[in-house]
file my_file25.txt (compact mmCIF, C-alpha atoms and all ligand atoms)
# COMPACT_ATOMS: atom_id res chain seq x y z
CA MET A 212 6.51 -2.36 -20.17
CA ASN A 213 9.57 -2.78 -22.39
CA LYS A 214 9.32 -3.92 -26.01
CA GLU A 215 10.78 -7.34 -25.40
CA ASP A 216 8.30 -8.11 -22.61
CA SER A 217 5.34 -6.91 -24.65
CA LYS A 218 6.52 -9.12 -27.53
CA THR A 219 6.77 -12.11 -25.19
CA VAL A 220 3.29 -11.46 -23.80
CA LYS A 221 1.81 -10.89 -27.27
CA SER A 222 3.14 -14.19 -28.50
CA LEU A 223 1.95 -16.00 -25.35
CA LEU A 224 -1.55 -14.58 -25.78
CA SER A 225 -1.72 -15.41 -29.47
CA SER A 226 -2.90 -18.92 -28.57
CA PRO A 227 -5.70 -19.85 -26.15
CA HIS A 228 -4.73 -20.45 -22.53
CA LYS A 229 -6.21 -21.28 -19.17
CA ILE A 230 -5.28 -18.19 -17.19
CA VAL A 231 -5.50 -17.39 -13.49
CA ILE A 232 -5.04 -13.89 -12.12
CA ILE A 233 -3.99 -13.50 -8.50
CA PRO A 234 -4.15 -10.42 -6.23
CA HIS A 235 -2.41 -10.23 -2.83
CA LYS A 236 -3.97 -11.33 0.46
CA ASN A 237 -6.44 -8.84 1.94
CA PRO A 238 -6.97 -7.38 -1.52
CA ASP A 239 -7.64 -3.64 -1.76
CA GLY A 240 -9.21 -1.51 -4.50
CA ASP A 241 -6.10 -1.62 -6.66
CA ALA A 242 -5.68 -5.38 -6.30
CA ILE A 243 -9.33 -6.15 -7.13
CA GLY A 244 -9.60 -3.41 -9.80
CA SER A 245 -6.46 -4.52 -11.63
CA THR A 246 -7.22 -8.25 -11.54
CA LEU A 247 -10.83 -7.77 -12.70
CA GLY A 248 -9.81 -5.23 -15.37
CA LEU A 249 -7.25 -7.67 -16.74
CA MET A 250 -9.76 -10.56 -16.53
CA HIS A 251 -12.29 -8.70 -18.70
CA TYR A 252 -9.59 -7.78 -21.22
CA LEU A 253 -8.31 -11.37 -21.50
CA LYS A 254 -11.82 -12.83 -21.77
CA ASN A 255 -12.64 -10.37 -24.55
CA LYS A 256 -9.58 -11.71 -26.36
CA GLY A 257 -11.03 -15.21 -26.17
CA GLN A 258 -8.91 -16.43 -23.27
CA GLN A 259 -10.22 -18.43 -20.31
CA ALA A 260 -9.46 -16.20 -17.34
CA VAL A 261 -10.41 -16.35 -13.69
CA VAL A 262 -9.47 -14.24 -10.67
CA ILE A 263 -8.50 -16.18 -7.53
CA ALA A 264 -8.09 -14.11 -4.36
CA PRO A 265 -6.35 -15.61 -1.30
CA ASN A 266 -9.14 -14.34 0.96
CA ASP A 267 -12.25 -12.19 0.85
CA PHE A 268 -12.28 -8.51 -0.08
CA PRO A 269 -14.13 -5.56 1.48
CA LYS A 270 -17.82 -4.91 0.96
CA PHE A 271 -17.20 -1.49 -0.56
CA LEU A 272 -15.74 -3.26 -3.61
CA LYS A 273 -18.59 -5.73 -4.01
CA TRP A 274 -20.23 -3.88 -6.87
CA MET A 275 -17.34 -4.06 -9.31
CA PRO A 276 -18.05 -5.64 -12.70
CA GLY A 277 -17.10 -9.32 -12.49
CA GLN A 278 -16.56 -9.37 -8.69
CA GLU A 279 -19.21 -12.09 -8.29
CA GLU A 280 -17.00 -14.46 -10.32
CA ILE A 281 -13.94 -14.11 -8.06
CA ILE A 282 -12.97 -17.40 -6.44
CA ILE A 283 -11.89 -17.03 -2.81
CA PHE A 284 -9.12 -19.55 -2.12
CA GLU A 285 -9.83 -19.60 1.62
CA ASN A 286 -13.50 -20.55 1.04
CA ASP A 287 -13.16 -22.73 -2.03
CA LYS A 288 -9.75 -24.35 -1.76
CA GLU A 289 -10.28 -27.38 -4.00
CA VAL A 290 -11.76 -25.46 -6.90
CA ALA A 291 -9.09 -22.76 -6.61
CA GLU A 292 -6.26 -25.29 -6.47
CA LYS A 293 -7.57 -27.03 -9.58
CA TYR A 294 -7.60 -23.76 -11.54
CA ILE A 295 -4.08 -22.86 -10.40
CA THR A 296 -2.65 -26.29 -11.13
CA GLU A 297 -4.21 -26.42 -14.60
CA ALA A 298 -3.34 -22.84 -15.57
CA SER A 299 -0.78 -22.34 -18.32
CA ILE A 300 -0.44 -18.61 -17.51
CA ILE A 301 -0.50 -17.14 -14.00
CA PHE A 302 -0.69 -13.37 -13.59
CA THR A 303 0.24 -12.00 -10.18
CA LEU A 304 -0.94 -8.43 -9.69
CA ASP A 305 -0.21 -5.75 -7.09
CA PHE A 306 2.42 -7.79 -5.22
CA ASN A 307 5.90 -9.03 -6.04
CA HIS A 308 6.77 -11.73 -3.53
CA LEU A 309 4.90 -15.03 -3.30
CA SER A 310 4.70 -14.75 0.50
CA ARG A 311 2.14 -11.95 -0.02
CA VAL A 312 -0.58 -14.50 -0.86
CA GLY A 313 -0.45 -16.07 2.62
CA PHE A 314 -1.64 -19.70 2.76
CA MET A 315 -1.85 -19.80 -1.06
CA GLN A 316 1.94 -19.58 -1.36
CA GLU A 317 2.60 -23.33 -1.51
CA THR A 318 0.06 -23.88 -4.28
CA LEU A 319 1.57 -21.05 -6.33
CA GLU A 320 5.11 -22.27 -5.79
CA ALA A 321 4.13 -25.72 -7.05
CA ALA A 322 2.24 -24.35 -10.07
CA GLU A 323 3.72 -24.97 -13.48
CA GLY A 324 2.18 -22.13 -15.48
CA THR A 325 4.18 -19.22 -16.85
CA PHE A 326 4.17 -16.34 -14.38
CA ILE A 327 3.62 -12.73 -15.42
CA MET A 328 3.98 -10.07 -12.72
CA ILE A 329 2.47 -6.59 -12.92
CA ASP A 330 3.31 -4.58 -9.81
CA HIS A 331 4.45 -1.23 -8.42
CA HIS A 332 6.05 -2.24 -5.10
CA GLN A 333 9.75 -2.11 -4.31
CA ALA A 334 12.18 -5.03 -4.59
CA PRO A 335 10.43 -7.53 -6.88
CA SER A 336 11.52 -11.15 -6.50
CA ASP A 337 12.30 -13.10 -9.65
CA TYR A 338 9.64 -15.81 -9.95
CA ALA A 339 8.08 -14.47 -13.17
CA LYS A 340 8.99 -14.97 -16.82
CA VAL A 341 7.76 -11.44 -17.46
CA THR A 342 8.28 -8.92 -14.68
CA TYR A 343 6.56 -5.61 -15.38
CA SER A 344 7.59 -3.76 -12.24
CA ASP A 345 7.69 0.02 -11.82
CA VAL A 346 7.78 1.67 -8.41
CA HIS A 347 6.98 5.06 -9.94
CA MET A 348 3.52 3.95 -10.99
CA SER A 349 0.52 5.24 -9.03
CA SER A 350 -1.16 1.86 -9.05
CA THR A 351 -1.23 -1.57 -10.62
CA CYS A 352 -4.41 -0.43 -12.39
CA GLU A 353 -2.47 2.29 -14.22
CA MET A 354 0.02 -0.43 -15.20
CA VAL A 355 -2.74 -2.70 -16.54
CA TYR A 356 -3.82 0.24 -18.72
CA ASN A 357 -0.21 0.51 -19.99
CA PHE A 358 -0.04 -3.25 -20.41
CA ILE A 359 -3.14 -3.29 -22.64
CA GLU A 360 -1.87 -0.27 -24.56
CA ALA A 361 1.52 -1.95 -25.13
CA ILE A 362 -0.08 -5.13 -26.46
CA GLU A 363 -2.77 -3.51 -28.59
CA GLN A 364 -0.79 -0.42 -29.66
CA ASP A 365 -3.80 1.66 -28.58
CA THR A 366 -6.51 1.63 -25.89
CA SER A 367 -9.57 0.92 -28.03
CA LYS A 368 -10.00 -2.53 -26.41
CA ILE A 369 -10.70 -0.91 -23.04
CA THR A 370 -14.43 -1.42 -22.50
CA SER A 371 -16.56 0.38 -19.93
CA LYS A 372 -16.29 -2.62 -17.56
CA ILE A 373 -12.50 -2.48 -17.76
CA ALA A 374 -12.57 1.30 -17.38
CA ASN A 375 -14.67 1.11 -14.21
CA CYS A 376 -12.34 -1.49 -12.68
CA LEU A 377 -9.14 0.39 -13.50
CA TYR A 378 -10.52 3.76 -12.41
CA THR A 379 -11.40 2.32 -9.00
CA GLY A 380 -7.89 1.06 -8.31
CA ILE A 381 -6.20 4.25 -9.45
CA MET A 382 -8.57 6.28 -7.27
CA THR A 383 -8.05 4.17 -4.14
CA ASP A 384 -4.26 3.77 -4.49
CA THR A 385 -3.69 7.50 -5.04
CA GLY A 386 -5.91 8.57 -2.12
CA SER A 387 -8.30 10.09 -4.70
CA PHE A 388 -5.49 11.48 -6.86
CA LYS A 389 -3.61 13.29 -4.11
CA TYR A 390 -0.52 11.17 -3.35
CA SER A 391 2.81 12.10 -4.91
CA SER A 392 2.61 9.05 -7.20
CA THR A 393 -0.18 10.85 -9.09
CA THR A 394 1.38 12.19 -12.30
CA SER A 395 0.03 14.10 -15.27
CA ARG A 396 0.07 10.75 -17.04
CA THR A 397 -2.14 9.30 -14.27
CA HIS A 398 -4.65 12.07 -14.95
CA ARG A 399 -4.49 11.42 -18.69
CA VAL A 400 -5.13 7.73 -18.10
CA VAL A 401 -8.03 8.54 -15.80
CA ALA A 402 -9.45 11.02 -18.34
CA ASP A 403 -9.35 8.31 -21.01
CA LEU A 404 -11.01 5.84 -18.63
CA ILE A 405 -13.86 8.32 -18.05
CA ASP A 406 -14.21 8.72 -21.82
CA LYS A 407 -14.45 4.94 -22.04
CA GLY A 408 -17.26 4.73 -19.51
CA ALA A 409 -15.79 4.90 -16.00
CA GLU A 410 -18.53 6.42 -13.86
CA ASN A 411 -16.25 8.52 -11.70
CA MET A 412 -18.84 10.06 -9.39
CA ALA A 413 -20.72 6.80 -8.86
CA ILE A 414 -17.47 4.96 -8.12
CA HIS A 415 -16.49 7.54 -5.53
CA ASN A 416 -19.87 7.21 -3.84
CA LYS A 417 -19.81 3.42 -3.87
CA VAL A 418 -16.33 3.23 -2.35
CA PHE A 419 -16.35 6.11 0.12
CA ASP A 420 -19.96 6.87 0.97
CA THR A 421 -21.16 3.43 2.00
CA ASN A 422 -19.84 3.35 5.56
CA SER A 423 -21.52 0.96 7.98
CA PRO A 424 -22.28 1.97 11.58
CA SER A 425 -19.58 -0.49 12.74
CA ARG A 426 -16.94 1.24 10.62
CA LEU A 427 -17.78 4.66 12.05
CA HIS A 428 -17.82 3.29 15.60
CA ILE A 429 -14.40 1.71 15.03
CA LEU A 430 -13.14 4.97 13.52
CA GLY A 431 -14.35 6.80 16.64
CA CYS A 432 -12.54 4.31 18.87
CA ALA A 433 -9.38 4.54 16.76
CA LEU A 434 -9.29 8.34 16.89
CA LYS A 435 -9.81 8.26 20.65
CA ASN A 436 -6.88 5.86 20.98
CA MET A 437 -4.53 7.97 18.87
CA VAL A 438 -1.21 8.80 20.53
CA ILE A 439 0.59 11.88 19.23
CA LEU A 440 4.35 12.03 19.71
CA GLU A 441 5.08 15.61 18.72
CA ASP A 442 8.86 15.32 19.16
CA TYR A 443 8.94 12.62 16.53
CA HIS A 444 6.22 14.11 14.28
CA THR A 445 4.50 10.78 14.69
CA ALA A 446 0.96 9.67 15.49
CA TYR A 447 -0.07 6.10 16.11
CA ILE A 448 -3.36 4.32 16.65
CA THR A 449 -4.10 0.98 18.31
CA LEU A 450 -7.16 -1.21 17.93
CA SER A 451 -7.34 -4.27 20.17
CA GLN A 452 -9.34 -7.38 19.26
CA GLU A 453 -11.64 -6.58 22.17
CA GLU A 454 -12.37 -3.12 20.79
CA LEU A 455 -13.01 -4.54 17.32
CA ASP A 456 -15.38 -7.16 18.74
CA GLU A 457 -17.25 -4.60 20.87
CA ASN A 458 -17.87 -2.53 17.75
CA GLU A 459 -18.89 -5.48 15.61
CA PHE A 460 -15.89 -5.29 13.29
CA LYS A 461 -16.34 -6.49 9.74
CA LYS A 462 -13.70 -6.91 7.06
CA GLY A 463 -12.74 -3.58 5.52
CA ASP A 464 -13.88 -1.50 8.52
CA THR A 465 -10.34 -0.40 9.37
CA GLU A 466 -9.33 0.40 5.79
CA GLY A 467 -7.81 3.89 5.50
CA ILE A 468 -8.04 4.79 9.21
CA VAL A 469 -4.23 5.01 9.40
CA ASN A 470 -4.34 8.09 7.16
CA TYR A 471 -6.05 10.24 9.81
CA GLY A 472 -2.71 10.64 11.61
CA LEU A 473 -1.30 12.48 8.60
CA THR A 474 -4.16 14.99 8.60
CA LEU A 475 -2.62 16.52 11.75
CA ASP A 476 -0.41 19.53 11.19
CA ASN A 477 3.29 18.65 11.59
CA ILE A 478 2.75 14.89 11.60
CA ILE A 479 4.73 13.07 8.92
CA PHE A 480 4.62 9.48 10.23
CA ALA A 481 1.32 7.74 10.96
CA VAL A 482 0.83 4.15 12.07
CA ILE A 483 -2.02 1.85 13.03
CA PHE A 484 -1.60 -1.39 15.00
CA ILE A 485 -4.52 -3.79 14.68
CA GLU A 486 -4.71 -6.89 16.83
CA ASN A 487 -5.82 -10.08 15.04
CA LYS A 488 -6.27 -12.85 17.60
CA ASP A 489 -7.27 -15.41 14.92
CA GLU A 490 -3.95 -15.06 13.12
CA GLY A 491 -2.02 -14.38 16.34
CA ILE A 492 -0.48 -11.22 14.92
CA ILE A 493 -0.61 -7.46 15.12
CA LYS A 494 -1.18 -6.17 11.57
CA ILE A 495 0.50 -2.82 11.06
CA SER A 496 0.02 -0.09 8.46
CA PHE A 497 2.55 2.70 8.03
CA ARG A 498 2.09 5.99 6.21
CA SER A 499 4.45 8.95 5.78
CA GLN A 500 4.69 12.30 4.11
CA GLY A 501 7.92 13.38 2.38
CA ASN A 502 11.23 11.57 2.44
CA PHE A 503 10.83 9.24 5.41
CA SER A 504 10.62 5.75 3.88
CA VAL A 505 8.08 3.59 5.66
CA ASN A 506 8.96 0.78 3.25
CA GLU A 507 12.47 0.66 4.73
CA PHE A 508 11.15 1.03 8.27
CA ALA A 509 8.64 -1.82 7.81
CA ARG A 510 11.24 -4.04 6.18
CA ALA A 511 13.84 -3.40 8.88
CA HIS A 512 11.63 -3.89 11.93
CA PHE A 513 8.23 -5.42 11.18
CA GLU A 514 8.62 -8.14 8.51
CA GLY A 515 6.92 -5.96 5.94
CA GLY A 516 7.40 -3.59 3.06
CA GLY A 517 5.45 -1.65 0.44
CA HIS A 518 6.12 1.83 -0.89
CA ASP A 519 8.12 4.81 0.40
CA ASN A 520 5.00 6.50 1.78
CA ALA A 521 2.66 3.53 2.39
CA ALA A 522 3.74 0.19 3.74
CA GLY A 523 2.57 -2.62 5.96
CA GLY A 524 4.02 -5.21 8.28
CA LYS A 525 3.27 -7.42 11.25
CA SER A 526 4.39 -8.34 14.72
CA ASN A 527 4.07 -11.60 16.64
CA VAL A 528 4.16 -10.16 20.15
CA SER A 529 1.31 -8.51 22.08
CA LEU A 530 -0.19 -5.14 21.16
CA GLU A 531 1.49 -3.49 24.17
CA GLU A 532 4.89 -5.03 23.40
CA THR A 533 4.57 -4.06 19.76
CA THR A 534 3.83 -0.40 20.44
CA ALA A 535 6.60 -0.30 23.08
CA LYS A 536 9.06 -1.68 20.49
CA PHE A 537 7.82 0.87 17.97
CA VAL A 538 8.15 3.86 20.29
CA ALA A 539 11.63 2.76 21.37
CA LEU A 540 12.74 2.69 17.73
CA LEU A 541 11.76 6.27 16.99
CA ASP A 542 14.74 7.92 18.63
CA SER A 543 17.14 6.40 16.15
CA TYR A 544 15.05 7.94 13.33
CA LYS A 545 14.83 11.37 14.94
CA ASP A 546 16.83 13.10 12.19
CA GLN A 547 14.67 11.67 9.42
CA LEU A 548 11.48 12.50 11.29
CA LYS A 549 12.20 16.22 11.55
CA GLY A 550 9.60 16.96 8.92
P1 LIG B 601 -1.85 -1.29 3.84
O1 LIG B 601 -1.24 -0.58 4.98
O2 LIG B 601 -2.86 -0.45 3.11
O3 LIG B 601 -2.31 -2.67 4.14
O4 LIG B 601 -0.65 -1.50 2.80
C1 LIG B 601 0.11 -0.43 2.33
C2 LIG B 601 1.05 -0.94 1.26
O5 LIG B 601 2.01 -1.82 1.83
C3 LIG B 601 0.34 -1.74 0.19
O6 LIG B 601 0.93 -1.41 -1.04
C4 LIG B 601 0.59 -3.17 0.56
O7 LIG B 601 0.64 -4.00 -0.56
C5 LIG B 601 1.93 -3.12 1.28
N1 LIG B 601 1.94 -4.07 2.40
C6 LIG B 601 1.02 -4.20 3.38
N2 LIG B 601 1.35 -5.17 4.25
C7 LIG B 601 2.51 -5.70 3.81
C8 LIG B 601 3.35 -6.76 4.28
O8 LIG B 601 3.10 -7.41 5.31
N3 LIG B 601 4.47 -7.01 3.55
C9 LIG B 601 4.78 -6.30 2.42
N4 LIG B 601 5.91 -6.61 1.76
N5 LIG B 601 4.01 -5.30 1.96
C10 LIG B 601 2.89 -5.00 2.63
MN MN B 602 -1.41 -1.10 -5.42

call {"tool": "encode", "arguments": {"input": "my_file25.txt", "output": "structure tokens"}}
result
Amino acid sequence: MNKEDSKTVKSLLSSPHKIVIIPHKNPDGDAIGSTLGLMHYLKNKGQQAVVIAPNDFPKFLKWMPGQEEIIIFENDKEVAEKYITEASIIFTLDFNHLSRVGFMQETLEAAEGTFIMIDHHQAPSDYAKVTYSDVHMSSTCEMVYNFIEAIEQDTSKITSKIANCLYTGIMTDTGSFKYSSTTSRTHRVVADLIDKGAENMAIHNKVFDTNSPSRLHILGCALKNMVILEDYHTAYITLSQEELDENEFKKGDTEGIVNYGLTLDNIIFAVIFIENKDEGIIKISFRSQGNFSVNEFARAHFEGGGHDNAAGGKSNVSLEETTAKFVALLDSYKDQLKG
């Protein structure tokens, strides 16, 4: 964060405020970790701070310190709206466009509080008074660490609760420290978080080793459905609503399945198409290895975006029509998909 922004934030936080902290819709480990980490920090500074998520978050995150206090907009609309309307400061974390909060967008657009954005996605929009945006960051959690360091001049205010929250988001957003966004600085931050009480082994177990039978059954179905297009170094997976229902799908069960495509030798582009009959859409996740930008691909063709190597999007036509559109597009990307 630049000096001017940290000065602005410091002066804002020098008086007491009602603060809300918002993650994106379908919040992941980084979204929940960063919002909760920031919440603990602000509360410790004597601020009133509450996290309001657009909708529920996966079970494998329901151990995080403070998670029980998160207000779910979808389930508790009136309470959530009151907090947002009354807030004098609104932090938006791990997203950079108000459309990423889904049905909460209108409430946020009407809110009068001062917006502060902390985010590592491409192409931030300009709704915030302070925009701390850096696409080179591994995670929003790493940025919250920097944010606290910039305000306090050191990291001594990072408690073990904050450390556990921030560690979780860095771990999940870096694929356990293996994606190219993982820098030596990321490792230094993580080392400091462990020194401050992040229980690294326990966190790993709680996030990755708590699969439910339904998740493994859905994974089995997904892997069976995988289509490998060797000429395009591409693998894609489909999951229909019927398949999800048959396997007793629960929120979070499909998290990370898209990555299996990239574990194949010579595959640099992996995609999963998940039918959601309730919302009438096909939710899509894109992953790539190397220079092929899935952010640009998602933006150009599937109303989405994200990062160069991990992005998402959606489609409003059927699963079959969506995959047909996708496959037809690949030829024009043949040069970039050489691997
Ligand atoms: P995932 O595939 O794990 O849902 O998302 C991968 C990355 O792309 C995340 O950083 C996420 O925030 C972003 N992303 C997912 N879906 C969308 C979308 O519909 N629009 C935009 N702009 N970004 C998305
Ligand atoms: Mn993130």

call {"tool": "atom_distance", "arguments": {"input": "my_file25.txt", "atom1": "CA of Leu304 (chain A)", "atom2": "CA of Asp345 (chain A)"}}
result
12.3 Å

call {"tool": "residues_near_ligand", "arguments": {"input": "my_file25.txt", "ligand": "ligand LIG 601 (chain B)", "cutoff": "10 Å", "atoms": "only C-alpha atoms and all ligand atoms", "output": "PyMOL selection string"}}
result
chain A and resi 234-242+305-311+313+330-335+350-351+384+465-470+482-483+494-498+505-506+509-510+513-526

call {"tool": "residues_near_point", "arguments": {"input": "my_file25.txt", "point": "(4.2, -0.5, -19.1)", "cutoff": "7 Å", "atoms": "all atoms listed in the file", "output": "PDB file with C-alpha atoms, in the frame of the given file"}}
result
ATOM      1  CA  MET A 212       6.510  -2.360 -20.170  1.00  0.00           C
ATOM      2  CA  ASN A 213       9.570  -2.780 -22.390  1.00  0.00           C
ATOM      3  CA  TYR A 343       6.560  -5.610 -15.380  1.00  0.00           C
ATOM      4  CA  MET A 354       0.020  -0.430 -15.200  1.00  0.00           C
ATOM      5  CA  ASN A 357      -0.210   0.510 -19.990  1.00  0.00           C
ATOM      6  CA  PHE A 358      -0.040  -3.250 -20.410  1.00  0.00           C
ATOM      7  CA  ALA A 361       1.520  -1.950 -25.130  1.00  0.00           C
TER       8      ALA A 361
END

call {"tool": "residues_around", "arguments": {"input": "my_file25.txt", "residues": "Glu320 (chain A)", "least_positions_apart": "5", "cutoff": "12 Å", "atoms": "all atoms listed in the file", "output": "PyMOL selection string"}}
result
chain A and resi 292+295-296+301+308-310+312-315+325-326+338-339

call {"tool": "write_last_selection", "arguments": {"input": "my_file25.txt", "atoms": "C-alpha atoms", "output": "PDB file, keeping the file's coordinate frame"}}
result
ATOM      1  CA  GLU A 292      -6.260 -25.290  -6.470  1.00  0.00           C
ATOM      2  CA  ILE A 295      -4.080 -22.860 -10.400  1.00  0.00           C
ATOM      3  CA  THR A 296      -2.650 -26.290 -11.130  1.00  0.00           C
ATOM      4  CA  ILE A 301      -0.500 -17.140 -14.000  1.00  0.00           C
ATOM      5  CA  HIS A 308       6.770 -11.730  -3.530  1.00  0.00           C
ATOM      6  CA  LEU A 309       4.900 -15.030  -3.300  1.00  0.00           C
ATOM      7  CA  SER A 310       4.700 -14.750   0.500  1.00  0.00           C
ATOM      8  CA  VAL A 312      -0.580 -14.500  -0.860  1.00  0.00           C
ATOM      9  CA  GLY A 313      -0.450 -16.070   2.620  1.00  0.00           C
ATOM     10  CA  PHE A 314      -1.640 -19.700   2.760  1.00  0.00           C
ATOM     11  CA  MET A 315      -1.850 -19.800  -1.060  1.00  0.00           C
ATOM     12  CA  THR A 325       4.180 -19.220 -16.850  1.00  0.00           C
ATOM     13  CA  PHE A 326       4.170 -16.340 -14.380  1.00  0.00           C
ATOM     14  CA  TYR A 338       9.640 -15.810  -9.950  1.00  0.00           C
ATOM     15  CA  ALA A 339       8.080 -14.470 -13.170  1.00  0.00           C
TER      16      ALA A 339
END

call {"tool": "residues_around", "arguments": {"input": "my_file25.txt", "residues": "Ala402 (chain A)", "least_positions_apart": "2", "cutoff": "12 Å", "atoms": "all atoms listed in the file", "output": "list in words"}}
result
Glu353, Ala374, Asn375, Leu377, Tyr378, Ile381, Ser395, Arg396, Thr397, His398, Arg399, Val400, Leu404, Ile405, Asp406, Lys407, Gly408, Ala409, Glu410 and Asn411 of chain A

call {"tool": "atom_distance", "arguments": {"input": "my_file25.txt", "atom1": "CA of Leu455 (chain A)", "atom2": "CA of Thr534 (chain A)"}}
result
17.6 Å

call {"tool": "atom_distance", "arguments": {"input": "my_file25.txt", "atom1": "CA of Ser222 (chain A)", "atom2": "CA of Met328 (chain A)"}}
result
16.3 Å

call {"tool": "residues_around", "arguments": {"input": "my_file25.txt", "residues": "Leu434 (chain A)", "least_positions_apart": "6", "cutoff": "9 Å", "atoms": "only C-alpha atoms", "output": "ChimeraX atom specification"}}
result
/A:448,468,471-472

call {"tool": "residues_around", "arguments": {"input": "my_file25.txt", "residues": "region 269-286 of chain A", "least_positions_apart": "5", "cutoff": "9 Å", "atoms": "only C-alpha atoms", "output": "ChimeraX atom specification"}}
result
/A:237-240,243-244,247-248,250-251,261-264,291-292,314-315,372-373,375-376,379,417-422,461-464,466

call {"tool": "closest_residue", "arguments": {"input": "my_file25.txt", "among": "A:Asp546, A:Cys352, A:Ala298, A:Ser226", "to": "ligand MN 602 (chain B)", "atoms": "all atoms listed in the file"}}
result
A:Cys352

call {"tool": "closest_residue", "arguments": {"input": "my_file25.txt", "among": "A:Thr533, A:Asn487, A:Ser225, A:Ser245", "to": "ligand MN 602 (chain B)", "atoms": "all atoms listed in the file"}}
result
A:Ser245

call {"tool": "residues_near_point", "arguments": {"input": "my_file25.txt", "point": "(3.3, 15.5, 11.1)", "cutoff": "12 Å", "atoms": "only C-alpha atoms", "output": "PyMOL selection string"}}
result
chain A and resi 439-447+470-482+498-501+503+548-550
